[in-house]
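Chemist: Have a peek at entry.txt (compact mmCIF, C-alpha atoms and all ligand atoms).
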# COMPACT_ATOMS: atom_id res chain seq x y z
CA MET A 1 -28.54 -63.71 75.79
CA SER A 2 -26.33 -60.61 76.01
CA PHE A 3 -26.60 -57.81 78.55
CA ALA A 4 -25.42 -54.28 77.79
CA LEU A 5 -25.19 -51.32 80.15
CA GLY A 6 -25.56 -47.96 78.38
CA ILE A 7 -24.42 -44.63 79.84
CA GLU A 8 -25.52 -41.28 78.41
CA THR A 9 -24.28 -37.87 79.66
CA THR A 10 -23.91 -35.90 76.41
CA CYS A 11 -25.96 -32.86 77.45
CA ASP A 12 -28.43 -32.26 80.27
CA GLU A 13 -29.79 -35.75 80.95
CA THR A 14 -27.96 -38.25 83.14
CA SER A 15 -29.07 -41.71 82.10
CA ALA A 16 -28.13 -45.37 82.41
CA ALA A 17 -29.96 -48.45 81.14
CA VAL A 18 -29.67 -52.18 80.70
CA VAL A 19 -30.72 -53.74 77.39
CA THR A 20 -30.72 -57.42 76.51
CA ASP A 21 -29.93 -58.75 73.03
CA GLY A 22 -29.76 -55.17 71.78
CA ARG A 23 -33.53 -54.68 71.68
CA TRP A 24 -35.30 -55.33 74.98
CA VAL A 25 -34.98 -52.65 77.62
CA LEU A 26 -34.78 -54.09 81.14
CA SER A 27 -34.24 -50.70 82.77
CA ASN A 28 -33.86 -47.08 81.65
CA VAL A 29 -33.22 -44.46 84.32
CA VAL A 30 -33.22 -40.86 83.07
CA ARG A 31 -32.69 -37.82 85.31
CA THR A 32 -33.20 -34.53 83.50
CA GLN A 33 -31.55 -31.26 84.55
CA ALA A 34 -34.18 -29.05 82.85
CA ALA A 35 -35.06 -27.31 86.15
CA LEU A 36 -31.39 -26.50 86.79
CA HIS A 37 -30.97 -24.72 83.45
CA GLN A 38 -34.43 -23.17 83.16
CA LYS A 39 -33.54 -19.75 84.53
CA TYR A 40 -30.67 -19.41 82.01
CA GLY A 41 -32.92 -20.25 79.02
CA GLY A 42 -30.52 -23.00 77.86
CA VAL A 43 -27.97 -25.56 79.05
CA VAL A 44 -24.97 -24.17 81.00
CA PRO A 45 -22.15 -26.66 80.25
CA GLU A 46 -20.28 -26.27 83.58
CA LEU A 47 -23.42 -26.78 85.64
CA ALA A 48 -24.47 -29.74 83.50
CA ALA A 49 -21.10 -31.50 83.94
CA ARG A 50 -21.17 -30.95 87.70
CA ALA A 51 -24.70 -32.33 87.98
CA HIS A 52 -23.65 -35.44 86.01
CA ILE A 53 -20.79 -36.03 88.49
CA GLU A 54 -23.22 -35.84 91.42
CA LEU A 55 -25.72 -38.24 89.83
CA ILE A 56 -23.84 -40.76 87.74
CA ASP A 57 -23.07 -43.42 90.40
CA GLU A 58 -26.62 -43.41 91.71
CA ILE A 59 -28.16 -43.60 88.22
CA ILE A 60 -25.98 -46.56 87.22
CA SER A 61 -26.82 -48.40 90.46
CA LEU A 62 -30.52 -47.78 89.90
CA ALA A 63 -30.32 -49.04 86.31
CA LEU A 64 -28.60 -52.27 87.36
CA GLY A 65 -31.01 -52.69 90.30
CA ASP A 66 -34.11 -52.14 88.15
CA ALA A 67 -32.82 -54.70 85.64
CA GLY A 68 -32.14 -57.16 88.47
CA ILE A 69 -28.55 -57.82 87.50
CA THR A 70 -25.11 -56.99 88.86
CA GLY A 71 -22.03 -55.68 87.05
CA PRO A 72 -20.31 -59.05 86.62
CA HIS A 73 -23.33 -60.31 84.59
CA LEU A 74 -22.87 -57.66 81.90
CA ASP A 75 -21.31 -58.47 78.54
CA VAL A 76 -20.63 -54.96 77.37
CA ILE A 77 -20.54 -51.40 78.70
CA GLY A 78 -21.58 -48.83 76.10
CA VAL A 79 -21.04 -45.11 76.57
CA ALA A 80 -21.91 -42.05 74.50
CA HIS A 81 -18.50 -40.50 73.75
CA THR A 82 -19.56 -38.15 70.92
CA PRO A 83 -21.01 -35.63 70.00
CA GLY A 84 -21.83 -33.53 73.06
CA LEU A 85 -20.53 -31.10 75.66
CA VAL A 86 -16.96 -32.14 76.46
CA GLY A 87 -17.22 -31.77 80.24
CA CYS A 88 -20.45 -33.79 80.23
CA LEU A 89 -19.09 -36.52 77.95
CA LEU A 90 -16.04 -36.88 80.20
CA VAL A 91 -18.21 -37.81 83.19
CA GLY A 92 -19.96 -40.68 81.39
CA VAL A 93 -16.83 -41.93 79.66
CA SER A 94 -14.78 -41.87 82.89
CA ALA A 95 -17.50 -43.81 84.72
CA ALA A 96 -17.74 -46.37 81.90
CA LYS A 97 -13.97 -46.85 81.78
CA GLY A 98 -13.80 -47.32 85.55
CA LEU A 99 -16.53 -49.96 85.53
CA ALA A 100 -15.16 -51.75 82.46
CA PHE A 101 -11.77 -51.98 84.19
CA ALA A 102 -13.17 -53.01 87.59
CA TRP A 103 -15.54 -55.67 86.17
CA ASP A 104 -13.26 -56.68 83.28
CA LYS A 105 -15.95 -55.95 80.68
CA GLN A 106 -15.74 -54.85 77.07
CA LEU A 107 -16.09 -51.09 76.55
CA VAL A 108 -17.81 -49.77 73.39
CA GLY A 109 -17.93 -46.06 72.52
CA VAL A 110 -21.18 -44.97 70.85
CA ASN A 111 -22.03 -41.96 68.68
CA HIS A 112 -25.20 -40.72 70.36
CA VAL A 113 -26.70 -39.32 67.12
CA ALA A 114 -26.55 -42.77 65.49
CA ALA A 115 -28.05 -44.12 68.72
CA HIS A 116 -31.02 -41.73 68.33
CA LEU A 117 -31.91 -43.70 65.18
CA TYR A 118 -31.27 -47.03 66.90
CA ALA A 119 -33.89 -46.02 69.50
CA ALA A 120 -36.59 -47.08 67.01
CA ALA A 121 -35.47 -50.71 67.53
CA LEU A 122 -36.11 -50.72 71.28
CA TYR A 123 -38.93 -52.49 73.12
CA GLU A 124 -39.77 -52.54 76.81
CA LYS A 125 -41.10 -56.08 77.00
CA VAL A 126 -39.15 -59.17 76.03
CA GLY A 127 -41.07 -61.12 73.40
CA PRO A 128 -41.48 -61.71 69.68
CA VAL A 129 -41.28 -58.61 67.50
CA GLY A 130 -43.11 -58.20 64.23
CA ASP A 131 -41.63 -54.99 62.94
CA ALA A 132 -39.74 -54.23 59.74
CA TRP A 133 -36.52 -53.93 61.73
CA ALA A 134 -36.78 -57.51 63.00
CA ALA A 135 -37.81 -58.82 59.59
CA GLY A 136 -34.69 -57.29 58.07
CA ASP A 137 -36.74 -55.29 55.56
CA THR A 138 -35.58 -51.96 56.92
CA TRP A 139 -32.39 -51.31 54.95
CA PRO A 140 -31.41 -49.15 53.25
CA ALA A 141 -33.33 -46.65 55.36
CA LEU A 142 -33.60 -42.89 55.26
CA GLY A 143 -32.59 -41.71 58.75
CA LEU A 144 -33.71 -38.37 60.18
CA VAL A 145 -32.28 -37.12 63.48
CA ILE A 146 -34.11 -34.10 64.89
CA SER A 147 -33.00 -32.86 68.30
CA GLY A 148 -31.85 -29.79 70.20
CA GLY A 149 -28.39 -30.03 68.66
CA HIS A 150 -28.88 -31.90 65.37
CA THR A 151 -30.97 -31.89 62.23
CA THR A 152 -29.40 -34.47 59.95
CA LEU A 153 -30.43 -36.84 57.16
CA TYR A 154 -28.59 -40.14 56.65
CA ARG A 155 -28.60 -42.95 54.19
CA MET A 156 -28.49 -45.99 56.49
CA ALA A 157 -27.23 -49.24 54.94
CA SER A 158 -27.66 -50.72 58.45
CA PRO A 159 -27.94 -49.25 61.97
CA ARG A 160 -24.12 -49.09 61.97
CA ASP A 161 -23.47 -47.76 58.46
CA LEU A 162 -24.58 -44.16 58.20
CA ILE A 163 -23.72 -41.76 55.41
CA LYS A 164 -24.66 -38.14 56.06
CA ILE A 165 -26.62 -36.75 53.10
CA GLY A 166 -27.92 -33.50 54.60
CA HIS A 167 -27.61 -31.40 57.73
CA THR A 168 -28.50 -28.01 59.12
CA ILE A 169 -26.28 -25.15 58.06
CA ASP A 170 -27.27 -23.06 61.10
CA ASP A 171 -29.73 -23.83 63.92
CA ALA A 172 -31.00 -27.32 64.75
CA VAL A 173 -34.78 -27.65 64.56
CA GLY A 174 -35.07 -28.24 68.34
CA GLU A 175 -32.99 -25.12 68.92
CA ALA A 176 -35.43 -23.18 66.70
CA PHE A 177 -38.38 -24.50 68.76
CA ASP A 178 -36.58 -23.48 71.98
CA LYS A 179 -35.73 -19.99 70.65
CA VAL A 180 -39.23 -19.35 69.33
CA ALA A 181 -40.59 -20.46 72.71
CA ALA A 182 -38.25 -17.92 74.36
CA ILE A 183 -39.53 -15.19 71.99
CA LEU A 184 -43.10 -16.14 73.00
CA GLN A 185 -42.01 -16.13 76.69
CA LEU A 186 -42.99 -19.77 77.15
CA GLY A 187 -39.96 -21.02 79.10
CA TYR A 188 -37.38 -23.78 78.48
CA PRO A 189 -37.33 -26.38 77.00
CA GLY A 190 -39.72 -24.81 74.53
CA GLY A 191 -40.54 -27.63 72.10
CA PRO A 192 -43.29 -29.25 74.19
CA GLN A 193 -44.79 -25.82 75.00
CA ILE A 194 -44.93 -24.75 71.33
CA ASP A 195 -46.48 -28.14 70.49
CA ALA A 196 -49.21 -27.65 73.14
CA LEU A 197 -49.89 -23.98 72.29
CA ALA A 198 -50.00 -24.70 68.53
CA LYS A 199 -53.04 -26.94 69.09
CA ARG A 200 -55.08 -23.80 69.88
CA GLY A 201 -53.71 -21.75 66.97
CA ASN A 202 -54.29 -21.41 63.24
CA PRO A 203 -51.32 -22.86 61.30
CA GLU A 204 -52.31 -20.77 58.25
CA ALA A 205 -52.51 -17.45 60.14
CA ILE A 206 -48.99 -16.20 59.35
CA LYS A 207 -46.87 -16.96 56.27
CA PHE A 208 -43.34 -17.50 57.59
CA PRO A 209 -40.54 -18.18 55.05
CA LEU A 210 -40.13 -21.77 53.90
CA THR A 211 -36.33 -21.91 53.53
CA LEU A 212 -35.42 -24.81 51.24
CA LEU A 213 -31.93 -23.78 50.00
CA GLY A 214 -32.61 -24.41 46.30
CA ARG A 215 -34.37 -27.23 44.47
CA GLU A 216 -32.03 -30.17 45.14
CA SER A 217 -30.38 -29.51 48.50
CA LEU A 218 -30.94 -31.89 51.40
CA ASP A 219 -29.49 -29.38 53.89
CA PHE A 220 -31.67 -27.50 56.35
CA SER A 221 -31.78 -23.90 57.57
CA PHE A 222 -33.92 -22.65 60.46
CA SER A 223 -32.30 -19.35 61.45
CA GLY A 224 -34.28 -17.30 58.88
CA LEU A 225 -37.53 -18.79 60.18
CA LYS A 226 -36.54 -17.99 63.77
CA THR A 227 -35.67 -14.38 62.82
CA ALA A 228 -38.96 -14.03 60.93
CA VAL A 229 -40.82 -15.05 64.10
CA LEU A 230 -38.73 -12.60 66.17
CA TYR A 231 -39.49 -9.70 63.80
CA HIS A 232 -43.19 -10.64 63.64
CA VAL A 233 -43.52 -10.69 67.44
CA CYS A 234 -41.04 -7.97 68.46
CA GLY A 235 -40.90 -5.75 65.36
CA VAL A 236 -38.07 -5.37 62.81
CA GLY A 237 -34.75 -5.46 64.69
CA GLY A 238 -36.45 -7.47 67.43
CA LYS A 239 -36.54 -4.72 70.08
CA GLN A 240 -39.68 -2.65 69.45
CA ARG A 241 -42.09 -4.70 71.62
CA ASP A 242 -42.38 -8.16 73.16
CA ALA A 243 -44.75 -11.13 73.28
CA SER A 244 -46.75 -9.61 76.16
CA THR A 245 -48.39 -7.30 73.57
CA LEU A 246 -49.96 -10.33 71.79
CA SER A 247 -53.39 -11.67 72.65
CA PRO A 248 -53.55 -15.36 73.69
CA GLN A 249 -54.98 -16.20 70.24
CA GLU A 250 -52.23 -14.27 68.41
CA ARG A 251 -49.59 -16.11 70.44
CA ALA A 252 -51.16 -19.48 69.62
CA ASP A 253 -51.30 -18.50 65.92
CA VAL A 254 -47.57 -17.68 65.93
CA ALA A 255 -46.79 -21.06 67.57
CA ALA A 256 -49.00 -22.96 65.09
CA SER A 257 -47.69 -21.10 62.03
CA PHE A 258 -44.05 -21.58 63.10
CA GLN A 259 -44.62 -25.28 63.82
CA ARG A 260 -46.32 -25.80 60.46
CA THR A 261 -43.44 -24.12 58.61
CA ALA A 262 -40.76 -26.09 60.50
CA THR A 263 -42.68 -29.31 59.79
CA ASP A 264 -43.02 -28.43 56.09
CA ILE A 265 -39.26 -27.87 55.84
CA LEU A 266 -38.47 -31.26 57.44
CA ILE A 267 -41.05 -33.16 55.39
CA THR A 268 -40.05 -31.48 52.11
CA LYS A 269 -36.39 -32.49 52.67
CA CYS A 270 -37.35 -36.08 53.53
CA ARG A 271 -39.56 -36.25 50.41
CA ARG A 272 -36.66 -34.97 48.31
CA ALA A 273 -34.29 -37.55 49.79
CA LEU A 274 -36.80 -40.38 49.17
CA GLY A 275 -37.13 -39.17 45.58
CA GLN A 276 -33.35 -39.13 45.10
CA GLY A 277 -32.58 -42.70 46.26
CA GLU A 278 -33.94 -46.19 46.92
CA TYR A 279 -35.14 -46.57 50.49
CA ARG A 280 -37.14 -49.33 52.17
CA SER A 281 -38.06 -47.43 55.32
CA LEU A 282 -37.89 -44.10 57.10
CA VAL A 283 -36.29 -44.13 60.56
CA ALA A 284 -36.43 -41.05 62.80
CA GLY A 285 -35.07 -40.22 66.24
CA GLY A 286 -34.28 -37.36 68.63
CA GLY A 287 -36.33 -35.25 71.04
CA VAL A 288 -38.23 -33.33 68.34
CA CYS A 289 -39.85 -36.61 67.21
CA ALA A 290 -42.14 -35.99 70.18
CA ASN A 291 -43.81 -33.24 68.15
CA SER A 292 -47.30 -34.26 67.09
CA ALA A 293 -47.35 -32.35 63.77
CA ILE A 294 -43.92 -33.68 62.75
CA ARG A 295 -44.85 -37.25 63.66
CA ASN A 296 -48.07 -36.98 61.63
CA GLY A 297 -46.13 -35.52 58.70
CA LEU A 298 -43.61 -38.38 58.75
CA GLN A 299 -46.35 -41.03 58.94
CA GLN A 300 -48.15 -39.41 56.02
CA LEU A 301 -44.94 -39.38 54.00
CA GLY A 302 -44.47 -43.10 54.74
CA ARG A 303 -47.97 -43.77 53.34
CA GLU A 304 -47.18 -41.66 50.26
CA TYR A 305 -44.06 -43.77 49.53
CA ASN A 306 -45.56 -47.00 50.86
CA ILE A 307 -42.69 -47.59 53.28
CA PRO A 308 -42.77 -48.19 57.06
CA VAL A 309 -41.95 -45.26 59.33
CA LEU A 310 -40.04 -46.41 62.40
CA LEU A 311 -40.23 -44.00 65.31
CA PRO A 312 -38.93 -44.66 68.83
CA ALA A 313 -41.44 -45.27 71.62
CA LEU A 314 -42.19 -42.12 73.64
CA GLN A 315 -39.69 -42.85 76.42
CA PHE A 316 -36.80 -43.26 73.95
CA TRP A 317 -37.09 -40.02 71.96
CA GLN A 318 -34.87 -37.88 74.12
CA HIS A 319 -31.41 -38.62 75.46
CA ASN A 320 -31.48 -41.98 77.22
CA GLY A 321 -29.15 -44.80 78.18
CA ALA A 322 -31.28 -47.48 76.50
CA MET A 323 -30.44 -46.29 72.99
CA ILE A 324 -26.73 -46.27 73.95
CA ALA A 325 -26.92 -49.79 75.40
CA GLY A 326 -28.81 -51.11 72.35
CA MET A 327 -26.41 -49.51 69.89
CA ALA A 328 -23.39 -50.71 71.91
CA ASP A 329 -24.72 -54.28 71.76
CA GLU A 330 -25.27 -53.97 67.97
CA LEU A 331 -21.71 -52.64 67.51
CA TYR A 332 -20.23 -55.26 69.85
CA ARG A 333 -21.88 -58.10 67.92
CA SER A 334 -20.47 -56.70 64.69
CA GLY A 335 -16.96 -56.82 66.18
CA MET A 336 -16.42 -53.26 67.32
CA ARG A 337 -14.32 -52.76 70.45
CA SER A 338 -13.10 -49.68 72.35
CA ASP A 339 -10.32 -49.58 74.91
CA LEU A 340 -9.49 -47.50 77.95
CA CYS A 341 -7.96 -44.82 75.68
CA LEU A 342 -11.47 -44.00 74.33
CA ARG A 343 -11.63 -40.23 73.82
CA VAL A 344 -14.50 -37.81 74.05
CA VAL A 345 -15.18 -35.88 70.83
CA ALA A 346 -17.37 -32.76 70.95
CA THR A 347 -18.44 -32.79 67.29
CA SER A 348 -18.59 -35.67 64.84
O1 LIG B 1 -32.85 -35.31 71.64
P1 LIG B 1 -32.96 -34.31 72.71
O2 LIG B 1 -33.33 -34.80 74.07
O3 LIG B 1 -31.61 -33.61 72.95
C1 LIG B 1 -30.88 -32.61 72.47
O4 LIG B 1 -30.19 -32.78 71.45
O5 LIG B 1 -30.88 -31.57 73.17
O6 LIG B 1 -33.98 -33.18 72.20
C2 LIG B 1 -34.30 -32.07 72.96
C3 LIG B 1 -35.04 -31.13 72.04
C4 LIG B 1 -35.29 -29.75 72.67
O7 LIG B 1 -34.90 -28.76 71.74
C5 LIG B 1 -36.80 -29.77 72.89
O8 LIG B 1 -37.39 -28.48 72.83
C6 LIG B 1 -37.26 -30.62 71.73
O9 LIG B 1 -36.33 -31.67 71.68
N1 LIG B 1 -38.62 -31.17 71.93
C7 LIG B 1 -39.66 -30.86 71.15
C8 LIG B 1 -40.80 -31.52 71.68
N2 LIG B 1 -40.39 -32.22 72.79
C9 LIG B 1 -39.04 -31.99 72.92
N3 LIG B 1 -39.73 -30.09 70.05
C10 LIG B 1 -40.94 -29.94 69.46
N4 LIG B 1 -42.07 -30.53 69.93
C11 LIG B 1 -42.05 -31.33 71.03
N5 LIG B 1 -43.18 -31.91 71.46
Please rewrite the model in this file as structure tokens.
Modeler:
Amino acid sequence: MSFALGIETTCDETSAAVVTDGRWVLSNVVRTQAALHQKYGGVVPELAARAHIELIDEIISLALGDAGITGPHLDVIGVAHTPGLVGCLLVGVSAAKGLAFAWDKQLVGVNHVAAHLYAAALYEKVGPVGDAWAAGDTWPALGLVISGGHTTLYRMASPRDLIKIGHTIDDAVGEAFDKVAAILQLGYPGGPQIDALAKRGNPEAIKFPLTLLGRESLDFSFSGLKTAVLYHVCGVGGKQRDASTLSPQERADVAASFQRTATDILITKCRRALGQGEYRSLVAGGGVCANSAIRNGLQQLGREYNIPVLLPALQFWQHNGAMIAGMADELYRSGMRSDLCLRVVATS
């Protein structure tokens, strides 16, 4: 049995977790800074890094305590070292290096975007698993990461071997949800609020542009959609009026129509990718997987292609230490090692 500690400080969540054998989560402590950044309408990097410094020791202690183990029992310490906000990454990586040195444990640097896809492999209870992942029928998989900073498609030969086949050329889909929520004066983070409001709206009410970048492309673009929503709500140029002039029903219709269009873009690109290659499953990860319409769209696509759709459990969609610990264990078992010179890398 192997025990991995995972540390995640890439953006505005401070998290640490303990995972055994790469799949069973013994603890997963996540502290979000959403309230700290709310009044700025987005994450302020300096504030985020400072909050990580204040929290990191406590979060790691809680994760070890909840798992009922102490540092010397660990086999590996995994840390998200890319991509992310540099000041934030430095906090997690410095903590991981210090502990690896003090406890004489192996350090493994993890790409947190790859870990978003690994999150689909995680379970909270130790026991037999009957999923496609365990049966080894998963690969090659089509991987879709949808978060506040990323919208990327991968061909996954395994959880460790990812080839990027498409990505956003402008905004990430989560960013588009957050910006549309700001236009509708719904607050930050906006994704969950759009999701809730859309349930009361008519997704066919407004025809927003379905940007597909040609017939073959697997890249994404969401900035035109965001601008179309801005002009619809605030007038051409975006400054003639604001969302307070909309009735509650009109606001819900904008949310529902935007969400439907964003979902159609994601599903169309996944369908294209499935049509262009041989895939045995569809794996998705990232905070936007929480969206009900997108989840339904992905499940429907899986039925269309008769392949399993592997989505993380609710508590593993957003940034969390468990996905870092699980991925670190997977990498460790395949021979990957990092040393105390591990660097933080903002983009990868
Ligand atoms: O993966 P994640 O925690 O981290 C970032 O990369 O930031 O994802 C956060 C993103 C935010 O943009 C948030 O608005 C979005 O996920 N999100 C949602 C929903 N829940 C969170 N977007 C749409 N619908 C949701 N239900």
Chemist: From the set A:Ala16, A:Leu26, A:Ala243, A:Ala262, which residue has the shortest atom-to-atom contact distance to Glu58 (chain A), counting all atoms listed in the file?
Modeler: A:Ala16
Chemist: Just checking: using all atoms listed in the file, which residue out of A:Gly238, A:Gly275, A:Gly78, A:Gly285 ends up closest to Glu216 (chain A)?
Modeler: A:Gly275
Chemist: For the interface of chain A with ligand LIG 1 (chain B) (cut-off 10 Å, counting all atoms listed in the file), please tabulate each contacting residue of chain A alongside its nearest pair of atoms and their separation in Å to one decimal, rows sorted by chain and increasing number, as a Markdown table.
Modeler:
| residue | atom | partner | partner_atom | distance |
| --- | --- | --- | --- | --- |
| A:Thr10 | CA | B:LIG1 | O4 | 8.6 |
| A:Cys11 | CA | B:LIG1 | O5 | 6.6 |
| A:Asp12 | CA | B:LIG1 | O5 | 7.5 |
| A:Glu13 | CA | B:LIG1 | O2 | 7.8 |
| A:Thr32 | CA | B:LIG1 | O2 | 9.4 |
| A:Gly42 | CA | B:LIG1 | O7 | 9.5 |
| A:Val43 | CA | B:LIG1 | O5 | 8.9 |
| A:Pro83 | CA | B:LIG1 | O4 | 9.7 |
| A:Gly84 | CA | B:LIG1 | O4 | 8.5 |
| A:His112 | CA | B:LIG1 | O4 | 9.4 |
| A:Val113 | CA | B:LIG1 | O4 | 8.6 |
| A:His116 | CA | B:LIG1 | O1 | 7.5 |
| A:Val145 | CA | B:LIG1 | O1 | 8.4 |
| A:Ile146 | CA | B:LIG1 | O1 | 7.0 |
| A:Ser147 | CA | B:LIG1 | O6 | 4.0 |
| A:Gly148 | CA | B:LIG1 | O7 | 3.6 |
| A:Gly149 | CA | B:LIG1 | O4 | 4.3 |
| A:His150 | CA | B:LIG1 | O4 | 6.3 |
| A:Thr151 | CA | B:LIG1 | O4 | 9.3 |
| A:Ala172 | CA | B:LIG1 | O7 | 8.1 |
| A:Val173 | CA | B:LIG1 | O7 | 7.3 |
| A:Gly174 | CA | B:LIG1 | O7 | 3.4 |
| A:Glu175 | CA | B:LIG1 | O7 | 5.0 |
| A:Ala176 | CA | B:LIG1 | O7 | 7.5 |
| A:Phe177 | CA | B:LIG1 | O8 | 5.8 |
| A:Asp178 | CA | B:LIG1 | O8 | 5.1 |
| A:Lys179 | CA | B:LIG1 | O7 | 8.9 |
| A:Val180 | CA | B:LIG1 | O8 | 9.9 |
| A:Ala181 | CA | B:LIG1 | O8 | 8.6 |
| A:Tyr188 | CA | B:LIG1 | O8 | 7.3 |
| A:Pro189 | CA | B:LIG1 | O8 | 4.7 |
| A:Gly190 | CA | B:LIG1 | O8 | 4.7 |
| A:Gly191 | CA | B:LIG1 | N3 | 3.3 |
| A:Pro192 | CA | B:LIG1 | N5 | 3.8 |
| A:Gln193 | CA | B:LIG1 | N5 | 7.2 |
| A:Ile194 | CA | B:LIG1 | N4 | 6.6 |
| A:Asp195 | CA | B:LIG1 | N4 | 5.0 |
| A:Ala196 | CA | B:LIG1 | N5 | 7.6 |
| A:Ala198 | CA | B:LIG1 | N4 | 9.9 |
| A:Gln259 | CA | B:LIG1 | C10 | 8.2 |
| A:Ala262 | CA | B:LIG1 | C10 | 9.8 |
| A:Thr263 | CA | B:LIG1 | C10 | 9.8 |
| A:Gly285 | CA | B:LIG1 | O1 | 7.6 |
| A:Gly286 | CA | B:LIG1 | O1 | 3.9 |
| A:Gly287 | CA | B:LIG1 | O6 | 3.3 |
| A:Val288 | CA | B:LIG1 | N3 | 4.0 |
| A:Cys289 | CA | B:LIG1 | C8 | 6.8 |
| A:Ala290 | CA | B:LIG1 | N5 | 4.4 |
| A:Asn291 | CA | B:LIG1 | N5 | 3.6 |
| A:Ser292 | CA | B:LIG1 | N5 | 6.4 |
| A:Ala293 | CA | B:LIG1 | N4 | 8.3 |
| A:Ile294 | CA | B:LIG1 | N4 | 8.1 |
| A:Arg295 | CA | B:LIG1 | N5 | 9.6 |
| A:Phe316 | CA | B:LIG1 | O2 | 9.1 |
| A:Trp317 | CA | B:LIG1 | O1 | 6.3 |
| A:Gln318 | CA | B:LIG1 | O2 | 3.4 |
| A:His319 | CA | B:LIG1 | O2 | 4.5 |
| A:Asn320 | CA | B:LIG1 | O2 | 8.1 |
Chemist: Check the smallest atom-to-atom distance from each of A:Arg215, A:His81, A:Lys125, A:Arg50 to Ser27 (chain A) using all atoms listed in the file, then report the winner.
Modeler: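 Checking each candidate against Ser27 (chain A), we get A:Lys125 as the closest.
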Chemist: CA of His232 (chain A) to CA of Gly41 (chain A): how many Å, to one decimal?
Modeler: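 Computing it gives 20.8 Å between the two atoms.
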Chemist: In Å to one decimal, how far is CA of Pro45 (chain A) from CA of Val86 (chain A)?
Modeler: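 Pair CA of Val86 (chain A) / CA of Pro45 (chain A) returns 8.4 Å.
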Chemist: What's the separation between CA of Pro312 (chain A) and CA of Val44 (chain A), in Å to one decimal place?
Modeler: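 Separating CA of Pro312 (chain A) from CA of Val44 (chain A) is a distance of 27.6 Å.
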Chemist: Neighbours of Thr168 (chain A) within 8 Å (all atoms listed in the file; same-chain residues fewer than 2 positions away dropped), as a PyMOL selection string?
Modeler: chain A and resi 150-152+166+170-172+219-222
Chemist: Of the candidates A:Cys341, A:Ala102, A:Val283, A:Leu197, which one gets nearest to Thr138 (chain A) if we count only C-alpha atoms?
Modeler: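 Closest candidate: A:Val283.
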Chemist: Find the residues around region 325-328 of chain A up to 9 Å (all atoms listed in the file counted), leave out those fewer than 4 positions away in its own chain, and share them as JSON, numbers by chain.
Modeler: {"A": [3, 4, 5, 6, 7, 16, 17, 18, 19, 20, 21, 22, 23, 24, 25, 76, 77, 78, 79, 107, 108, 109, 110, 111, 112, 114, 115, 118, 119, 121, 122, 159, 160, 321, 332, 333, 336]}
Chemist: Quick one: axis-aligned box around all listed atoms of region 96-105 of chain A, 6 Å on every side, centre and edge lengths in Å to one decimal, written as JSON.
Modeler:
{"center_x": -14.8, "center_y": -51.5, "center_z": 84.1, "size_x": 18.0, "size_y": 22.3, "size_z": 18.9}
Chemist: With distances taken over all atoms listed in the file, which residue among A:Ile56, A:Ser338, A:Trp133, A:Thr9 lies nearest Lys105 (chain A)?
Modeler: A:Ser338
Chemist: Env of region 70-73 of chain A: 7 Å cut, atoms = all atoms listed in the file, seq-sep filter 2 positions within chain, self excluded. Answer as a compact mmCIF listing (two decimals) with C-alpha atoms, in the frame of the given file.
Modeler:
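Final file, out-v8.txt:
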# COMPACT_ATOMS: atom_id res chain seq x y z
CA LEU A 64 -28.60 -52.27 87.36
CA ASP A 75 -21.31 -58.47 78.54
CA TRP A 103 -15.54 -55.67 86.17
Chemist: Find, counting only C-alpha atoms, the residue in A:His52, A:Arg251, A:His37, A:Lys269 that gets nearest to Leu90 (chain A).
Modeler: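 Counting only C-alpha atoms, the residue closest to Leu90 (chain A) is A:His52.
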Chemist: Counting all atoms listed in the file, what is within 6 Å of Pro203 (chain A), bar same-chain residues fewer than 2 positions away, as a ChimeraX atom specification?
Modeler: /A:205,256-257,260
Chemist: Which residues are near Glu46 (chain A)? Cut-off 9 Å, only C-alpha atoms, ignore same chain within fewer than 4 positions. Put them as a ChimeraX atom specification.
Modeler: /A:50-51,87-88
Chemist: Please identify all polymer residues lying at most 8 Å from the point (-45.9, -8.2, 70.4) (file coordinates), using all atoms listed in the file, and present the result as a list in words.
Modeler: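 These residues have at least one counted atom within 8 Å: His232, Val233, Cys234, Gly235, Arg241, Asp242, Ala243, Ser244, Thr245 and Leu246 of chain A.
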